>>> print(open('work-v3.txt').read())   # compact mmCIF, C-alpha atoms
# COMPACT_ATOMS: atom_id res chain seq x y z
CA ASN A 230 0.00 0.00 0.00
CA ALA A 231 1.20 3.49 -0.85
CA GLY A 232 1.87 5.71 2.11
CA VAL A 233 4.34 6.85 4.71
CA THR A 234 6.25 4.17 6.61
CA GLN A 235 8.12 4.93 9.83
CA THR A 236 10.69 2.67 11.44
CA PRO A 237 11.07 1.68 14.19
CA LYS A 238 7.61 1.79 15.76
CA PHE A 239 8.94 1.69 19.32
CA ARG A 240 12.31 2.34 20.88
CA VAL A 241 13.77 2.79 24.35
CA LEU A 242 17.03 4.71 24.61
CA LYS A 243 19.32 5.51 27.47
CA THR A 244 20.26 9.13 28.04
CA GLY A 245 23.19 10.04 25.81
CA GLN A 246 22.60 7.32 23.21
CA SER A 247 22.04 8.16 19.59
CA MET A 248 19.56 6.86 17.07
CA THR A 249 18.02 7.54 13.69
CA LEU A 250 14.34 7.43 12.84
CA LEU A 251 13.55 6.57 9.26
CA CYS A 252 10.63 7.87 7.23
CA ALA A 253 9.98 6.45 3.79
CA GLN A 254 7.26 7.45 1.34
CA ASP A 255 6.43 5.89 -1.99
CA MET A 256 4.14 8.60 -3.33
CA ASN A 257 6.86 10.70 -4.97
CA HIS A 258 6.04 13.61 -2.64
CA GLU A 259 8.38 16.59 -2.67
CA TYR A 260 7.70 17.87 0.85
CA MET A 261 8.39 15.91 4.03
CA TYR A 262 8.04 16.83 7.70
CA TRP A 263 8.96 15.56 11.14
CA TYR A 264 6.61 16.37 14.02
CA ARG A 265 6.68 15.39 17.66
CA GLN A 266 3.49 14.84 19.63
CA ASP A 267 3.37 15.39 23.38
CA PRO A 268 0.34 15.32 25.69
CA GLY A 269 -1.33 18.70 25.89
CA MET A 270 0.99 20.21 23.28
CA GLY A 271 -0.34 18.90 20.01
CA LEU A 272 2.03 18.31 17.12
CA ARG A 273 5.06 20.52 16.84
CA LEU A 274 7.22 20.76 13.75
CA ILE A 275 10.83 19.71 14.25
CA HIS A 276 12.34 19.92 10.76
CA TYR A 277 11.06 19.79 7.23
CA SER A 278 12.29 19.34 3.69
CA VAL A 279 10.99 20.78 0.44
CA GLY A 280 13.09 18.57 -1.78
CA GLU A 281 15.95 16.15 -2.06
CA GLY A 282 19.07 17.57 -0.44
CA THR A 283 17.26 20.44 1.31
CA THR A 284 16.21 20.71 4.95
CA ALA A 285 15.00 23.49 7.21
CA LYS A 286 14.29 24.05 10.90
CA GLY A 287 10.81 24.01 12.30
CA GLU A 288 9.45 25.12 15.65
CA VAL A 289 11.47 22.79 17.93
CA PRO A 290 14.68 21.77 16.12
CA ASP A 291 17.15 21.72 19.03
CA GLY A 292 18.70 18.32 19.70
CA TYR A 293 17.71 16.91 16.32
CA ASN A 294 19.32 16.66 12.90
CA VAL A 295 17.81 15.56 9.61
CA SER A 296 18.90 14.46 6.19
CA ARG A 297 17.13 13.99 2.88
CA LEU A 298 19.63 12.28 0.61
CA LYS A 299 16.92 10.56 -1.40
CA LYS A 300 13.55 12.00 -2.32
CA GLN A 301 11.65 9.13 -0.73
CA ASN A 302 13.48 9.12 2.60
CA PHE A 303 13.66 11.63 5.43
CA LEU A 304 15.84 10.71 8.40
CA LEU A 305 15.59 12.21 11.88
CA GLY A 306 18.65 11.84 14.10
CA LEU A 307 19.14 12.24 17.81
CA GLU A 308 22.87 12.57 18.53
CA SER A 309 22.65 12.47 22.33
CA ALA A 310 19.19 11.56 23.54
CA ALA A 311 17.69 13.34 26.53
CA PRO A 312 14.60 12.45 28.60
CA SER A 313 12.92 15.59 27.21
CA GLN A 314 12.95 13.88 23.82
CA THR A 315 10.58 11.19 25.02
CA SER A 316 7.70 11.61 22.63
CA VAL A 317 5.79 10.16 19.72
CA TYR A 318 7.35 11.19 16.42
CA PHE A 319 5.34 11.52 13.25
CA CYS A 320 6.56 11.90 9.73
CA ALA A 321 4.36 13.42 7.04
CA SER A 322 4.69 14.09 3.36
CA ARG A 323 2.77 15.96 0.69
CA PRO A 324 3.08 16.71 -2.99
CA ARG A 325 4.10 20.22 -3.90
CA ASP A 326 1.23 20.80 -6.26
CA ARG A 327 -1.62 19.60 -4.02
CA GLY A 328 -1.13 22.23 -1.41
CA ARG A 329 -2.17 21.75 2.12
CA THR A 330 -4.83 19.14 1.46
CA GLY A 331 -2.24 16.56 0.54
CA TYR A 332 -0.62 15.75 3.87
CA THR A 333 -0.16 12.03 4.59
CA PHE A 334 1.08 10.99 8.02
CA GLY A 335 2.90 7.86 9.09
CA SER A 336 1.74 5.82 12.07
CA GLY A 337 4.42 7.17 14.39
CA THR A 338 7.47 6.12 16.40
CA ARG A 339 7.11 6.00 20.16
CA LEU A 340 10.45 6.88 21.73
CA THR A 341 11.24 6.66 25.42
CA VAL A 342 14.51 8.05 26.78
CA VAL A 343 15.40 6.82 30.25
CA GLN B 46 4.19 30.24 21.40
CA GLN B 47 0.84 28.61 20.70
CA GLN B 48 -0.50 30.09 17.50
CA VAL B 49 -3.64 27.95 17.52
CA LYS B 50 -5.48 27.50 20.81
CA GLN B 51 -7.83 24.55 21.12
CA SER B 52 -10.47 23.67 23.70
CA PRO B 53 -11.61 21.62 25.47
CA GLN B 54 -8.73 19.27 26.19
CA SER B 55 -11.15 16.38 26.60
CA LEU B 56 -14.82 15.84 25.93
CA ILE B 57 -17.34 13.15 26.79
CA VAL B 58 -20.53 13.03 24.74
CA GLN B 59 -23.38 10.56 24.75
CA LYS B 60 -24.16 8.62 21.61
CA GLY B 61 -26.37 10.71 19.38
CA GLY B 62 -25.27 13.98 20.92
CA ILE B 63 -23.39 16.89 19.39
CA SER B 64 -19.65 17.22 19.94
CA ILE B 65 -18.22 20.72 19.68
CA ILE B 66 -14.52 21.58 19.64
CA ASN B 67 -13.28 25.14 19.40
CA CYS B 68 -10.11 26.74 18.09
CA ALA B 69 -8.81 30.28 17.99
CA TYR B 70 -5.90 31.68 16.06
CA GLU B 71 -3.82 34.84 16.13
CA ASN B 72 -2.04 34.99 12.79
CA THR B 73 -4.26 36.84 10.30
CA ALA B 74 -2.15 35.43 7.47
CA PHE B 75 -3.62 31.97 8.06
CA ASP B 76 -5.87 31.03 5.16
CA TYR B 77 -6.41 27.31 5.51
CA PHE B 78 -7.98 25.61 8.51
CA PRO B 79 -8.10 21.80 8.57
CA TRP B 80 -9.24 19.38 11.22
CA TYR B 81 -7.39 16.12 11.73
CA GLN B 82 -8.69 12.95 13.37
CA GLN B 83 -6.32 10.58 15.13
CA PHE B 84 -7.10 7.10 16.44
CA PRO B 85 -4.82 5.44 19.02
CA GLY B 86 -1.64 4.09 17.47
CA LYS B 87 -2.27 5.86 14.18
CA GLY B 88 -1.13 9.06 12.57
CA PRO B 89 -3.48 12.03 12.11
CA ALA B 90 -5.73 11.93 9.05
CA LEU B 91 -7.42 14.88 7.37
CA LEU B 92 -11.10 15.03 8.32
CA ILE B 93 -12.40 18.28 6.88
CA ALA B 94 -10.97 21.70 6.02
CA ILE B 95 -12.19 25.23 5.36
CA ARG B 96 -10.87 28.41 3.83
CA PRO B 97 -11.82 31.86 5.19
CA ASP B 98 -14.01 32.83 2.25
CA VAL B 99 -16.85 30.67 3.60
CA SER B 100 -18.44 30.61 7.05
CA GLU B 101 -19.42 26.97 7.14
CA LYS B 102 -18.54 23.68 5.50
CA LYS B 103 -20.38 20.43 6.00
CA GLU B 104 -19.33 16.91 5.14
CA GLY B 105 -21.73 14.29 6.39
CA ARG B 106 -22.02 14.57 10.17
CA PHE B 107 -19.00 16.88 10.39
CA THR B 108 -19.32 20.67 10.10
CA ILE B 109 -16.74 23.43 10.39
CA SER B 110 -17.99 26.85 11.44
CA PHE B 111 -15.65 29.75 10.76
CA ASN B 112 -15.76 33.28 12.20
CA LYS B 113 -13.13 35.39 10.49
CA SER B 114 -13.69 38.56 12.54
CA ALA B 115 -13.33 36.66 15.82
CA LYS B 116 -10.48 34.53 14.46
CA GLN B 117 -12.23 31.39 15.64
CA PHE B 118 -13.34 28.15 14.07
CA SER B 119 -15.04 25.09 15.43
CA LEU B 120 -15.82 21.48 14.60
CA HIS B 121 -19.30 20.12 15.18
CA ILE B 122 -19.94 16.40 15.09
CA MET B 123 -23.65 15.72 14.79
CA ASP B 124 -25.20 12.45 15.96
CA SER B 125 -21.90 11.47 17.59
CA GLN B 126 -21.08 7.75 17.46
CA PRO B 127 -18.73 5.58 19.55
CA GLY B 128 -16.62 5.18 16.41
CA ASP B 129 -15.97 8.93 16.52
CA SER B 130 -14.00 8.47 19.74
CA ALA B 131 -10.57 9.79 18.83
CA THR B 132 -8.30 12.77 19.29
CA TYR B 133 -9.09 15.76 17.12
CA PHE B 134 -6.61 18.45 16.15
CA CYS B 135 -7.36 21.76 14.55
CA ALA B 136 -4.62 23.31 12.46
CA ALA B 137 -3.88 26.35 10.36
CA SER B 138 -1.45 27.46 7.72
CA SER B 139 -0.71 30.44 5.54
CA ASN B 140 0.19 30.47 1.88
CA THR B 141 3.78 31.37 2.73
CA GLY B 142 6.69 29.59 4.35
CA PHE B 143 6.02 26.41 2.41
CA GLN B 144 2.52 26.31 3.92
CA LYS B 145 3.56 24.57 7.11
CA LEU B 146 0.73 23.37 9.32
CA VAL B 147 0.49 24.70 12.88
CA PHE B 148 -1.53 22.42 15.14
CA GLY B 149 -3.71 22.99 18.16
CA THR B 150 -3.13 21.00 21.34
CA GLY B 151 -5.76 18.37 20.60
CA THR B 152 -9.11 17.27 22.06
CA ARG B 153 -9.69 13.73 23.20
CA LEU B 154 -13.31 12.85 22.43
CA LEU B 155 -15.07 9.92 24.03
CA VAL B 156 -18.55 9.05 22.81
CA SER B 157 -20.27 6.86 25.34
CA PRO B 158 -22.69 4.18 24.09
>>> encode(input="work-v3.txt", output="structure tokens")
Amino acid sequence: NAGVTQTPKFRVLKTGQSMTLLCAQDMNHEYMYWYRQDPGMGLRLIHYSVGEGTTAKGEVPDGYNVSRLKKQNFLLGLESAAPSQTSVYFCASRPRDRGRTGYTFGSGTRLTVV
Amino acid sequence: QQQVKQSPQSLIVQKGGISIINCAYENTAFDYFPWYQQFPGKGPALLIAIRPDVSEKKEGRFTISFNKSAKQFSLHIMDSQPGDSATYFCAASSNTGFQKLVFGTGTRLLVSP
């Protein structure tokens, strides 16, 4: 099925460890986004990309890095995980020409940092 | 800074009742206002959306009411069903800055049988 696939679905990290979250979409979408979802805070944009090789900071970028080496993949990295990064992470993508109605979200990665 | 304020945080409605969720925004450049529905363990999915040139949009049991002068919009779920139990997010975006969505804090709706 076409869509946005996030891996892993669950992960527990120790403080200071690093990891990479992978987002893959097979819809040939130009734009991709990483959000984090926390109770009572909604979804907040971490980083986004408007095309292969380009990335930009969102609302809460500190402590995260991203890369978009291939159009279909958008990677979110945590270099030194902190308990404050415990959250559910969602990736989304959309085609450039469908505007804001075209967002497709993945099913999320639940990350716990202990 | 919370650009889109959403209330209530949680809501319990009896089956057949009307669920109402409210949102307010500050940025007058916003010109697209979607509502997303999220079930446990799933990502948000677009439910219904409105642009500021209309005051109301209806799709089945779901209606968005929009008040441009008050900078408020709301979601009404008529004849609420247990299957509507989910978290609902309002959002907004402007036609600049790559049209990034800004989300409200979410409302957890429980429709009791």
>>> residues_around(input="work-v3.txt", residues="segment 81-93 of chain B", least_positions_apart="5", cutoff="9 Å", atoms="all atoms listed in the file", output="PDB file with C-alpha atoms, in the coordinates of the input")
ATOM      1  CA  PHE A 319       5.340  11.520  13.250  1.00  0.00           C
ATOM      2  CA  CYS A 320       6.560  11.900   9.730  1.00  0.00           C
ATOM      3  CA  ALA A 321       4.360  13.420   7.040  1.00  0.00           C
ATOM      4  CA  THR A 330      -4.830  19.140   1.460  1.00  0.00           C
ATOM      5  CA  GLY A 331      -2.240  16.560   0.540  1.00  0.00           C
ATOM      6  CA  TYR A 332      -0.620  15.750   3.870  1.00  0.00           C
ATOM      7  CA  THR A 333      -0.160  12.030   4.590  1.00  0.00           C
ATOM      8  CA  PHE A 334       1.080  10.990   8.020  1.00  0.00           C
ATOM      9  CA  GLY A 335       2.900   7.860   9.090  1.00  0.00           C
ATOM     10  CA  SER A 336       1.740   5.820  12.070  1.00  0.00           C
ATOM     11  CA  GLY A 337       4.420   7.170  14.390  1.00  0.00           C
TER      12      GLY A 337
ATOM     13  CA  LYS B 102     -18.540  23.680   5.500  1.00  0.00           C
ATOM     14  CA  LYS B 103     -20.380  20.430   6.000  1.00  0.00           C
ATOM     15  CA  GLU B 104     -19.330  16.910   5.140  1.00  0.00           C
ATOM     16  CA  PHE B 107     -19.000  16.880  10.390  1.00  0.00           C
ATOM     17  CA  THR B 108     -19.320  20.670  10.100  1.00  0.00           C
ATOM     18  CA  ILE B 109     -16.740  23.430  10.390  1.00  0.00           C
ATOM     19  CA  ASP B 129     -15.970   8.930  16.520  1.00  0.00           C
ATOM     20  CA  SER B 130     -14.000   8.470  19.740  1.00  0.00           C
ATOM     21  CA  ALA B 131     -10.570   9.790  18.830  1.00  0.00           C
ATOM     22  CA  THR B 132      -8.300  12.770  19.290  1.00  0.00           C
ATOM     23  CA  TYR B 133      -9.090  15.760  17.120  1.00  0.00           C
ATOM     24  CA  PHE B 134      -6.610  18.450  16.150  1.00  0.00           C
ATOM     25  CA  CYS B 135      -7.360  21.760  14.550  1.00  0.00           C
ATOM     26  CA  ALA B 136      -4.620  23.310  12.460  1.00  0.00           C
TER      27      ALA B 136
END
>>> atom_distance(input="work-v3.txt", atom1="atom CA of Thr150 of chain B", atom2="atom CA of Lys50 of chain B")
6.9 Å
>>> atom_distance(input="work-v3.txt", atom1="atom CA of Ala311 of chain A", atom2="atom CA of Ala285 of chain A")
22.0 Å
>>> interface_residues(input="work-v3.txt", of="chain A", to="chain B", cutoff="12 Å", atoms="all atoms listed in the file", output="JSON, numbers by chain")
{"A": [232, 233, 234, 235, 238, 239, 259, 260, 261, 262, 263, 264, 265, 266, 267, 268, 269, 270, 271, 272, 273, 274, 275, 276, 277, 278, 279, 280, 284, 285, 286, 287, 288, 289, 317, 318, 319, 320, 321, 322, 323, 324, 325, 326, 327, 328, 329, 330, 331, 332, 333, 334, 335, 336, 337, 338, 339]}
>>> residues_around(input="work-v3.txt", residues="segment 63-65 of chain B", least_positions_apart="5", cutoff="7 Å", atoms="only C-alpha atoms", output="PyMOL selection string")
chain B and resi 58+119-125
>>> build_atoms(input="work-v3.txt", residues="segment 265-276 of chain A", atoms="all heavy atoms", output="PDB file, in the frame of the given file")
ATOM      1  N   ARG A 265       6.759  16.138  16.419  1.00  0.00           N
ATOM      2  CA  ARG A 265       6.680  15.390  17.660  1.00  0.00           C
ATOM      3  C   ARG A 265       5.349  15.711  18.334  1.00  0.00           C
ATOM      4  O   ARG A 265       4.842  16.836  18.257  1.00  0.00           O
ATOM      5  CB  ARG A 265       7.849  15.696  18.603  1.00  0.00           C
ATOM      6  CG  ARG A 265       8.011  17.115  19.060  1.00  0.00           C
ATOM      7  CD  ARG A 265       9.175  17.252  20.051  1.00  0.00           C
ATOM      8  NE  ARG A 265       8.850  16.649  21.350  1.00  0.00           N
ATOM      9  CZ  ARG A 265       9.720  16.510  22.348  1.00  0.00           C
ATOM     10  NH1 ARG A 265      10.974  16.924  22.199  1.00  0.00           N
ATOM     11  NH2 ARG A 265       9.351  15.956  23.482  1.00  0.00           N
ATOM     12  N   GLN A 266       4.790  14.683  18.971  1.00  0.00           N
ATOM     13  CA  GLN A 266       3.490  14.840  19.630  1.00  0.00           C
ATOM     14  C   GLN A 266       3.651  14.544  21.105  1.00  0.00           C
ATOM     15  O   GLN A 266       4.080  13.459  21.496  1.00  0.00           O
ATOM     16  CB  GLN A 266       2.448  13.885  19.021  1.00  0.00           C
ATOM     17  CG  GLN A 266       1.075  14.034  19.647  1.00  0.00           C
ATOM     18  CD  GLN A 266       0.041  13.130  19.009  1.00  0.00           C
ATOM     19  OE1 GLN A 266       0.339  12.320  18.147  1.00  0.00           O
ATOM     20  NE2 GLN A 266      -1.199  13.283  19.418  1.00  0.00           N
ATOM     21  N   ASP A 267       3.289  15.508  21.926  1.00  0.00           N
ATOM     22  CA  ASP A 267       3.370  15.390  23.380  1.00  0.00           C
ATOM     23  C   ASP A 267       2.017  15.723  23.978  1.00  0.00           C
ATOM     24  O   ASP A 267       1.308  16.595  23.454  1.00  0.00           O
ATOM     25  CB  ASP A 267       4.438  16.332  23.933  1.00  0.00           C
ATOM     26  CG  ASP A 267       5.802  16.064  23.316  1.00  0.00           C
ATOM     27  OD1 ASP A 267       6.365  15.003  23.615  1.00  0.00           O
ATOM     28  OD2 ASP A 267       6.280  16.904  22.521  1.00  0.00           O
ATOM     29  N   PRO A 268       1.653  15.071  25.070  1.00  0.00           N
ATOM     30  CA  PRO A 268       0.340  15.320  25.690  1.00  0.00           C
ATOM     31  C   PRO A 268       0.143  16.791  26.007  1.00  0.00           C
ATOM     32  O   PRO A 268       1.013  17.442  26.596  1.00  0.00           O
ATOM     33  CB  PRO A 268       0.414  14.478  26.973  1.00  0.00           C
ATOM     34  CG  PRO A 268       1.390  13.396  26.665  1.00  0.00           C
ATOM     35  CD  PRO A 268       2.416  14.030  25.772  1.00  0.00           C
ATOM     36  N   GLY A 269      -0.987  17.319  25.590  1.00  0.00           N
ATOM     37  CA  GLY A 269      -1.330  18.700  25.890  1.00  0.00           C
ATOM     38  C   GLY A 269      -0.602  19.736  25.045  1.00  0.00           C
ATOM     39  O   GLY A 269      -0.783  20.940  25.248  1.00  0.00           O
ATOM     40  N   MET A 270       0.225  19.262  24.095  1.00  0.00           N
ATOM     41  CA  MET A 270       0.990  20.210  23.280  1.00  0.00           C
ATOM     42  C   MET A 270       0.753  20.038  21.793  1.00  0.00           C
ATOM     43  O   MET A 270       1.328  20.751  20.971  1.00  0.00           O
ATOM     44  CB  MET A 270       2.474  20.101  23.603  1.00  0.00           C
ATOM     45  CG  MET A 270       2.786  20.310  25.078  1.00  0.00           C
ATOM     46  SD  MET A 270       4.518  20.528  25.433  1.00  0.00           S
ATOM     47  CE  MET A 270       4.763  22.196  24.852  1.00  0.00           C
ATOM     48  N   GLY A 271      -0.059  19.089  21.423  1.00  0.00           N
ATOM     49  CA  GLY A 271      -0.340  18.900  20.010  1.00  0.00           C
ATOM     50  C   GLY A 271       0.868  18.381  19.246  1.00  0.00           C
ATOM     51  O   GLY A 271       1.749  17.721  19.808  1.00  0.00           O
ATOM     52  N   LEU A 272       0.903  18.687  17.971  1.00  0.00           N
ATOM     53  CA  LEU A 272       2.030  18.310  17.120  1.00  0.00           C
ATOM     54  C   LEU A 272       2.872  19.550  16.839  1.00  0.00           C
ATOM     55  O   LEU A 272       2.345  20.577  16.423  1.00  0.00           O
ATOM     56  CB  LEU A 272       1.544  17.712  15.797  1.00  0.00           C
ATOM     57  CG  LEU A 272       0.910  16.332  15.884  1.00  0.00           C
ATOM     58  CD1 LEU A 272      -0.598  16.443  15.987  1.00  0.00           C
ATOM     59  CD2 LEU A 272       1.302  15.500  14.671  1.00  0.00           C
ATOM     60  N   ARG A 273       4.144  19.407  17.074  1.00  0.00           N
ATOM     61  CA  ARG A 273       5.060  20.520  16.840  1.00  0.00           C
ATOM     62  C   ARG A 273       6.096  20.133  15.793  1.00  0.00           C
ATOM     63  O   ARG A 273       6.664  19.046  15.840  1.00  0.00           O
ATOM     64  CB  ARG A 273       5.741  20.934  18.147  1.00  0.00           C
ATOM     65  CG  ARG A 273       4.777  21.536  19.177  1.00  0.00           C
ATOM     66  CD  ARG A 273       5.502  21.896  20.456  1.00  0.00           C
ATOM     67  NE  ARG A 273       5.973  20.702  21.154  1.00  0.00           N
ATOM     68  CZ  ARG A 273       6.830  20.727  22.173  1.00  0.00           C
ATOM     69  NH1 ARG A 273       7.325  21.886  22.603  1.00  0.00           N
ATOM     70  NH2 ARG A 273       7.201  19.604  22.760  1.00  0.00           N
ATOM     71  N   LEU A 274       6.337  21.032  14.870  1.00  0.00           N
ATOM     72  CA  LEU A 274       7.220  20.760  13.750  1.00  0.00           C
ATOM     73  C   LEU A 274       8.680  20.821  14.181  1.00  0.00           C
ATOM     74  O   LEU A 274       9.131  21.821  14.738  1.00  0.00           O
ATOM     75  CB  LEU A 274       6.954  21.764  12.621  1.00  0.00           C
ATOM     76  CG  LEU A 274       7.745  21.580  11.342  1.00  0.00           C
ATOM     77  CD1 LEU A 274       7.413  20.248  10.679  1.00  0.00           C
ATOM     78  CD2 LEU A 274       7.459  22.738  10.386  1.00  0.00           C
ATOM     79  N   ILE A 275       9.420  19.766  13.876  1.00  0.00           N
ATOM     80  CA  ILE A 275      10.830  19.710  14.250  1.00  0.00           C
ATOM     81  C   ILE A 275      11.699  20.217  13.093  1.00  0.00           C
ATOM     82  O   ILE A 275      12.440  21.192  13.221  1.00  0.00           O
ATOM     83  CB  ILE A 275      11.252  18.271  14.609  1.00  0.00           C
ATOM     84  CG1 ILE A 275      10.357  17.705  15.710  1.00  0.00           C
ATOM     85  CG2 ILE A 275      12.713  18.245  15.053  1.00  0.00           C
ATOM     86  CD1 ILE A 275      10.577  16.222  15.972  1.00  0.00           C
ATOM     87  N   HIS A 276      11.624  19.543  11.975  1.00  0.00           N
ATOM     88  CA  HIS A 276      12.340  19.920  10.760  1.00  0.00           C
ATOM     89  C   HIS A 276      11.465  19.552   9.569  1.00  0.00           C
ATOM     90  O   HIS A 276      10.569  18.722   9.684  1.00  0.00           O
ATOM     91  CB  HIS A 276      13.668  19.155  10.640  1.00  0.00           C
ATOM     92  CG  HIS A 276      14.759  19.617  11.532  1.00  0.00           C
ATOM     93  ND1 HIS A 276      15.531  20.729  11.276  1.00  0.00           N
ATOM     94  CD2 HIS A 276      15.237  19.085  12.699  1.00  0.00           C
ATOM     95  CE1 HIS A 276      16.442  20.866  12.229  1.00  0.00           C
ATOM     96  NE2 HIS A 276      16.278  19.884  13.108  1.00  0.00           N
TER      97      HIS A 276
END
